[in-house]
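Reading through the structure tokens given below for one structure.
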Amino acid sequence: MEITSERRPSGRRGRTRRALGLLTASLIAITGLAAASPAVAADPWIDVQDDGYLRISVPNSAVEDAVGAVSQVVVEGNFGLSHNWAQIGLQRSGASWTATYGPFEPGLYYYQVTGDDSKVLKDASNATSVASEPEWSTFFIPGDSAALLADAPEAAGTIETLTYDSAVAGEQRDALVWVPPTYKPKGKKLPVLYLQHGGGQSYRDWVEVGRAEQILDNLWLAGQLEDMLVVMANGNVDDFSAELLENIVPAVEKDYNVSPSRKKRALAGLSMGGGQTFEVFSEHPGEFAAIGTFGAGRFGDLAGIPVEKMNDRTDLFRVYVGNPTDAAHNDVHDSFQKFDELGLKYQFDGVNPDAGHNWNAWQENLIDFAPRLFTKSASDPAMSEGHTALIKRFEKPASGTTPTPWISEDGFVTFETTTDFADADYVSVWANIAPGGSWLRTEMNKVGDRWQVTMGPMDPWFYHYRLIVDRAAVKDASNPTSVTSEPMWSTFLVEGEESRLLTDVPQGQGGDLDVMTYQSTVAGQERRAYVWTPPGYDAERAEPYPLFVLNHGGGQSWTDWVEVGRARQILDNLALDGATEPMVVVMPNGNVGDYPKELLQNVVPTTEQNYNVSSDPHQRALAGLSAGGARTLSVVKSQPEQFASIGVFSAGFGSGDGVDVEAINANTDIFRFYIGDITDFVYPGMMSSIETMDRIGIEYQFDGVTPGPHGWDVWQKNLIDFAPRLFQDAPAS
């Protein structure tokens with residue numbers, strides 16, 4: 001019988017999922033069931049902040065002591081979309097490798113630290129451990145959605161170790177047993193759930209990563225779990241049916257006061273363990289009254305299975321699977337077709353839309369399955385809330401089909417390289433897919449002479465990415481998009497209501513986008529700017545149009561607001577929605593030493609010569625992101641009478657020394673500031689700026705924190721908020 005195993009990223013040893021349990025007040029500690037823990041460093045490498053943010057600081061000395069000198073370091077774990085494996089890239093800062101990421105959803109996270117793609121080390125500051133993955137650590141982020149994974153609020157069950165002789169493996173083995181508080185060595189005999197791990201795992205994984213102890217404790221305390229024992233044994237044998245029925249079950253019945261009745265036994269397993277579970281189910285129907293398969297669907301040749309006996313002797317057969325990133329997704333679909341043809345009865349929990357082939361999915365499976373066991377009422381066949389029917393296979397275009405990436409209707413995105421990297425050792429996609437738009441790396445898998453990976457579901461939005469091939473940035477040659485200032489970047493849009501304002505409007509309905517050439521006396525060269533004019537722009541209109549100058553950031557160019565910022569689409573959609581006043585928007589090249597002079601002596605005069613724009617300061621606005629925000633502030637501070645509407649995206653006000661507060665307040669209609677969350681490195685400076693502006697008396701508006709980093713996701717949202725506030729008859733609130 002062919003059995004699926006847990007999918008792991010290819011190309012390196014120790015690539016799995018591990019969890020860290022940092023001993024901080026914001027964490028719920030993980031029970032200490034593993035072997036003796038190594039010495040723990042004084043300062044945690046990963047510090048979990050409020051609301052699920054992570055502050056990461058890995059000492060370079062610790063990395064070098066463990067694996068030698070490296071050129072890059074990542075923390076990798078179940079941080080990706082659908083809780084799949086992904087990498088948080090760290091930057092060298094002084095003596096440490098650092099990053100701030102989040103917010104991550106509540107739940108258990110498992111991870112390892114890796115240098116230069118293959119040099120794996122354990123977090124020496126984290127006492128948690130996973131026996132099957134020595135480099136893994138774990139941590140828990142508390143929250144309502146993960147309440148059943150938290151340590152129980154009061155004493156409940158206990159975890160014991162059962163030692164048994166394995167005639168199949170020819171050795172003595174251990175199993176973990178969850179024992180409910182009501183268990184007594186004599187008296188009522190309790191039923192048993194046998195719960196199996198997956199491929200490459202051990203009997204400890206359900207406790208060390210699966211949070212089985214917490215799940216069972218909390219379900220029992222809530223009155224949702226019948227009194228039962230749960231046995232987690234070692235399934236790493238060639239003949240699991242013999243191991244289970246001849247060694248494990250007899251050992252449990254010998255050492256514990258449990259029912260010998262087959263009606264009081266249940267069997268479930270994840271991935272490989274799910275395949276083993278079905279093998280027992282089909283070869284020995286009736287030995288277990290309830291069967292659960294978690295993320296497993298490749299059940300071998302079903303033609304000769306005893307369907308009638310399986311149906312008649314089994315009270316419950318329930319199947320679980322994740323979304324298209326689950327390795328078992330299509331296998332389960334195909335198995336269902338065969339089950340239906342054969343008449344095998346089963347329940348389907350539905351496709352879990354939020355998890356792939358990983359512990360997040362399997363934890364949810366146990367939470368659904370365990371309460372169904374050994375009850376007087378029949379199991380409700382309904383799917384879990386939010387889960388969906390499995391109607392068709394997830395199919396990707398044939399390999400070599402371009403352009404990429406391929407985007408499915410439900411937001412699953414498949415990347416594929418050309419054949420240029422057939423001999424590469426390691427290839428990943430680095431994209432703005434982390435919470436708020438931070439960058440995460442996702443490892444690709446070798447498929448023939450190409451590399452491929454499917455991620456998702458991605459929220460509707462605009463994404464940018466690059467390939468990393470053996471630690472070198474590479475452009476996706478299969479994607480025709482480009483970014484002038486970032487030659488290795490490519491872009492794509494996932495359409496949906498959330499990204500509507502970033503989507504192209506129907507042809508002919510939007511404004512025009514021109515390239516304006518102007519002479520820069522500051523830079524001593526001819527330069528260019530993008531100019532957006534509104535739908536229906538009339539160069540002869542009696543009333544001149546308001547002027548909005550929009551600046552890019554440091555290391556960027558005049559093309560960025562169009563190529564990455566989606567300014568054209570945002571302005572088009574806002575205009576068609578009637579949300580903005582008709583205006584002319586100029587996006588110039590801000591890379592000069594004296595920006596106020598460049599703007600007022602070169603950019604604005606050229607715009608006035610070529611477009612019908614107002615000279616009234618109250619009909620002029622100026623905004624910029626990051627360094628462009630600083631340039632915007634330099635104009636405000638030096639010549640506050642020039643622009644009455646000011647927007648500052650991810651930039652601080654500065655010290656306030658020498659600022660003409662009265663002039664700024666008198667000449668400014670809107671002075672609005674924007675900032676990302678704590679993942680934006682400008683965040684501390686912005687908070688200081690608020691104190692400074694309050695102290696010196698600047699009249700300003702603060703939009704509050706825009707969730708996300710110092711990046712385009714945040715700045716697009718800033719523009720969407722700022723543009724409709726401009727040139728309105730009533731002052732902006």
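Here, A, B, ... name the chains of the structure tokens in the order displayed, residue numbers run from 1 inside each chain, and ligands are numbered from 1 in the same displayed order.
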- Can you list, as a ChimeraX atom specification, every protein, DNA or RNA residue that comes within 12 Å of Thr607 of chain A when you count only C-alpha atoms, leaving out same-chain residues fewer than 2 positions away? /A:514-519,528-533,545-549,584-588,599-605,609-615
- segment 84-286 of chain A: which residues are strand (DSSP E) by DSSP, as a PyMOL selection string? chain A and resi 86-89+91-93+96-101+107-115+119-121+137-141+158-166+171-179+192-196+229-232+265-270
Contact residues around Glu581 of chain A with only C-alpha atoms at 10 Å, ignoring same-chain residues under 4 positions, as a short mmCIF file (atom, residue, chain, number, x, y, z; two decimals) with N, CA, C and O atoms, in the first residue's frame:
data_model
loop_
_atom_site.label_atom_id
_atom_site.label_comp_id
_atom_site.auth_asym_id
_atom_site.auth_seq_id
_atom_site.Cartn_x
_atom_site.Cartn_y
_atom_site.Cartn_z
N PRO A 534 -6.96 63.57 -15.06
CA PRO A 534 -8.20 62.87 -14.73
C PRO A 534 -9.03 62.57 -15.98
O PRO A 534 -8.84 63.17 -17.04
N TYR A 545 -6.95 73.11 -13.01
CA TYR A 545 -7.06 71.93 -12.16
C TYR A 545 -6.13 72.04 -10.95
O TYR A 545 -5.03 72.60 -11.04
N PRO A 546 -6.55 71.49 -9.82
CA PRO A 546 -5.62 71.41 -8.69
C PRO A 546 -4.41 70.55 -9.07
O PRO A 546 -4.50 69.66 -9.92
N LEU A 574 -10.60 55.83 -7.95
CA LEU A 574 -11.16 56.85 -7.06
C LEU A 574 -11.92 57.90 -7.87
O LEU A 574 -12.98 58.38 -7.45
N ALA A 575 -11.37 58.26 -9.03
CA ALA A 575 -12.04 59.26 -9.87
C ALA A 575 -13.38 58.74 -10.38
O ALA A 575 -14.40 59.45 -10.34
N ALA A 723 -5.72 60.89 -1.03
CA ALA A 723 -6.18 61.58 -2.25
C ALA A 723 -7.62 62.09 -2.15
O ALA A 723 -7.90 63.22 -2.58
N PRO A 724 -8.57 61.31 -1.60
CA PRO A 724 -9.94 61.83 -1.52
C PRO A 724 -10.11 63.02 -0.58
O PRO A 724 -11.15 63.69 -0.62
N ARG A 725 -9.15 63.30 0.26
CA ARG A 725 -9.24 64.43 1.19
C ARG A 725 -8.86 65.75 0.53
O ARG A 725 -9.08 66.82 1.12
N LEU A 726 -8.29 65.70 -0.65
CA LEU A 726 -7.72 66.89 -1.26
C LEU A 726 -8.75 67.73 -2.00
O LEU A 726 -9.64 67.19 -2.68
N PHE A 727 -8.63 69.04 -1.84
CA PHE A 727 -9.35 70.03 -2.65
C PHE A 727 -10.86 69.91 -2.52
O PHE A 727 -11.61 70.24 -3.45
N GLN A 728 -11.31 69.45 -1.37
CA GLN A 728 -12.75 69.38 -1.12
C GLN A 728 -13.23 70.75 -0.62
O GLN A 728 -12.47 71.52 -0.02
N ASP A 729 -14.52 71.02 -0.85
CA ASP A 729 -15.07 72.30 -0.39
C ASP A 729 -15.03 72.40 1.13
O ASP A 729 -14.70 73.45 1.69
#
- Near segment 414-431 of chain A, counting only C-alpha atoms, which residues have an atom at most 6 Å away, once you skip same-chain residues fewer than 2 positions from it, shown as JSON, numbers by chain? {"A": [405, 406, 433, 439, 440, 441, 442, 443, 444, 449, 450, 451, 452, 453, 454, 464, 465, 466, 467, 468, 469, 470]}
Write the residues of the selection above to a file with C-alpha atoms, as a PDB file, in the first residue's frame.
ATOM      1  CA  PRO A 405       2.694  33.102 -11.873  1.00  0.00           C
ATOM      2  CA  TRP A 406      -0.564  31.259 -12.452  1.00  0.00           C
ATOM      3  CA  ILE A 433       3.133  37.775   1.493  1.00  0.00           C
ATOM      4  CA  TRP A 439       8.583  39.791   2.817  1.00  0.00           C
ATOM      5  CA  LEU A 440       8.690  36.018   3.296  1.00  0.00           C
ATOM      6  CA  ARG A 441      10.718  33.443   1.410  1.00  0.00           C
ATOM      7  CA  THR A 442       9.041  30.220   0.312  1.00  0.00           C
ATOM      8  CA  GLU A 443      11.161  27.335  -0.873  1.00  0.00           C
ATOM      9  CA  MET A 444      10.441  25.915  -4.324  1.00  0.00           C
ATOM     10  CA  ASP A 449      14.255  20.687 -14.913  1.00  0.00           C
ATOM     11  CA  ARG A 450      12.272  23.528 -13.332  1.00  0.00           C
ATOM     12  CA  TRP A 451      11.455  24.724  -9.817  1.00  0.00           C
ATOM     13  CA  GLN A 452       7.857  25.181  -8.734  1.00  0.00           C
ATOM     14  CA  VAL A 453       5.737  26.077  -5.714  1.00  0.00           C
ATOM     15  CA  THR A 454       2.075  26.827  -5.033  1.00  0.00           C
ATOM     16  CA  HIS A 464       5.912  41.979  -5.855  1.00  0.00           C
ATOM     17  CA  TYR A 465       8.592  39.330  -5.625  1.00  0.00           C
ATOM     18  CA  ARG A 466      11.942  38.067  -6.791  1.00  0.00           C
ATOM     19  CA  LEU A 467      13.541  34.653  -7.041  1.00  0.00           C
ATOM     20  CA  ILE A 468      16.485  33.685  -4.856  1.00  0.00           C
ATOM     21  CA  VAL A 469      18.727  31.123  -6.572  1.00  0.00           C
ATOM     22  CA  ASP A 470      21.563  29.783  -4.451  1.00  0.00           C
TER      23      ASP A 470
END
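With only C-alpha atoms as the atoms that count, the residue of A:Ser689, A:Ser241, A:Ser399, A:Asn591 with the shortest distance to Gly275 of chain A is A:Ser241.
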- Message: For the alpha helix (DSSP H) assignment from backbone DSSP, which residues of segment 295-515 of chain A qualify? Please present them as a PyMOL selection string.
- Response: chain A and resi 307-312+329-342+359-369
- Would you kindly return, as an MDAnalysis selection string, each protein, DNA or RNA residue with an atom no farther than 10 Å from any atom of segment 160-169 of chain A, considering only C-alpha atoms and excluding same-chain residues fewer than 4 positions away? chainID A and resid 33 173:179 231:234 236:244 246:252 255:256
- What lies within 10 Å of segment 378-394 of chain A using only C-alpha atoms, ignoring chain neighbours under 6 positions off, as JSON, numbers by chain? {"A": [315, 316, 317, 318, 320, 321, 322, 323, 324, 325, 329, 330, 331, 332, 333, 334, 336, 346, 347, 348, 349, 350, 351, 352, 353, 354, 364, 365, 368, 369, 371, 372, 408, 412]}
- Pick out the residues sitting within 9 Å of Leu229 of chain A, and hand them over as an MDAnalysis selection string; count only C-alpha atoms, and ignore anything fewer than 4 positions along from it in its own chain. chainID A and resid 177:180 183 190:194 258
Output for the residues just chosen: N, CA, C and O atoms as a PDB file, in the first residue's frame:
ATOM      1  N   VAL A 177       0.635   8.236  26.594  1.00  0.00           N
ATOM      2  CA  VAL A 177      -0.778   7.956  26.859  1.00  0.00           C
ATOM      3  C   VAL A 177      -1.373   9.125  27.634  1.00  0.00           C
ATOM      4  O   VAL A 177      -0.875   9.482  28.714  1.00  0.00           O
ATOM      5  N   TRP A 178      -2.419   9.722  27.051  1.00  0.00           N
ATOM      6  CA  TRP A 178      -3.178  10.744  27.787  1.00  0.00           C
ATOM      7  C   TRP A 178      -4.245  10.029  28.600  1.00  0.00           C
ATOM      8  O   TRP A 178      -5.053   9.255  28.063  1.00  0.00           O
ATOM      9  N   VAL A 179      -4.232  10.299  29.917  1.00  0.00           N
ATOM     10  CA  VAL A 179      -5.150   9.626  30.836  1.00  0.00           C
ATOM     11  C   VAL A 179      -6.070  10.675  31.452  1.00  0.00           C
ATOM     12  O   VAL A 179      -5.591  11.664  32.028  1.00  0.00           O
ATOM     13  N   PRO A 180      -7.386  10.510  31.342  1.00  0.00           N
ATOM     14  CA  PRO A 180      -8.312  11.522  31.875  1.00  0.00           C
ATOM     15  C   PRO A 180      -8.331  11.520  33.397  1.00  0.00           C
ATOM     16  O   PRO A 180      -7.946  10.531  34.039  1.00  0.00           O
ATOM     17  N   TYR A 183      -9.971   8.474  35.316  1.00  0.00           N
ATOM     18  CA  TYR A 183      -9.469   7.099  35.160  1.00  0.00           C
ATOM     19  C   TYR A 183      -9.153   6.471  36.519  1.00  0.00           C
ATOM     20  O   TYR A 183      -8.551   7.104  37.391  1.00  0.00           O
ATOM     21  N   LEU A 190     -12.413   2.091  30.325  1.00  0.00           N
ATOM     22  CA  LEU A 190     -12.556   3.227  29.411  1.00  0.00           C
ATOM     23  C   LEU A 190     -12.224   2.848  27.964  1.00  0.00           C
ATOM     24  O   LEU A 190     -11.412   1.940  27.718  1.00  0.00           O
ATOM     25  N   PRO A 191     -12.815   3.549  27.024  1.00  0.00           N
ATOM     26  CA  PRO A 191     -12.463   3.350  25.612  1.00  0.00           C
ATOM     27  C   PRO A 191     -11.102   3.983  25.300  1.00  0.00           C
ATOM     28  O   PRO A 191     -10.548   4.736  26.113  1.00  0.00           O
ATOM     29  N   VAL A 192     -10.589   3.691  24.100  1.00  0.00           N
ATOM     30  CA  VAL A 192      -9.252   4.151  23.725  1.00  0.00           C
ATOM     31  C   VAL A 192      -9.254   4.692  22.297  1.00  0.00           C
ATOM     32  O   VAL A 192      -9.796   4.057  21.382  1.00  0.00           O
ATOM     33  N   LEU A 193      -8.622   5.843  22.141  1.00  0.00           N
ATOM     34  CA  LEU A 193      -8.307   6.376  20.812  1.00  0.00           C
ATOM     35  C   LEU A 193      -6.818   6.163  20.581  1.00  0.00           C
ATOM     36  O   LEU A 193      -5.982   6.628  21.368  1.00  0.00           O
ATOM     37  N   TYR A 194      -6.477   5.467  19.508  1.00  0.00           N
ATOM     38  CA  TYR A 194      -5.087   5.304  19.090  1.00  0.00           C
ATOM     39  C   TYR A 194      -4.797   6.371  18.033  1.00  0.00           C
ATOM     40  O   TYR A 194      -5.452   6.395  16.981  1.00  0.00           O
ATOM     41  N   VAL A 258      -8.852  -0.631  30.449  1.00  0.00           N
ATOM     42  CA  VAL A 258      -9.588  -0.182  29.260  1.00  0.00           C
ATOM     43  C   VAL A 258     -10.452  -1.312  28.737  1.00  0.00           C
ATOM     44  O   VAL A 258     -10.197  -2.502  28.992  1.00  0.00           O
TER      45      VAL A 258
END
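With atom CA of Asp594 of chain A on one side and atom CA of Thr632 of chain A on the other, the separation reads 11.6 Å.
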- Query: So how far away is atom CA of Arg500 of chain A from atom CA of Leu576 of chain A, in Å?
  - Reply: 12.0 Å
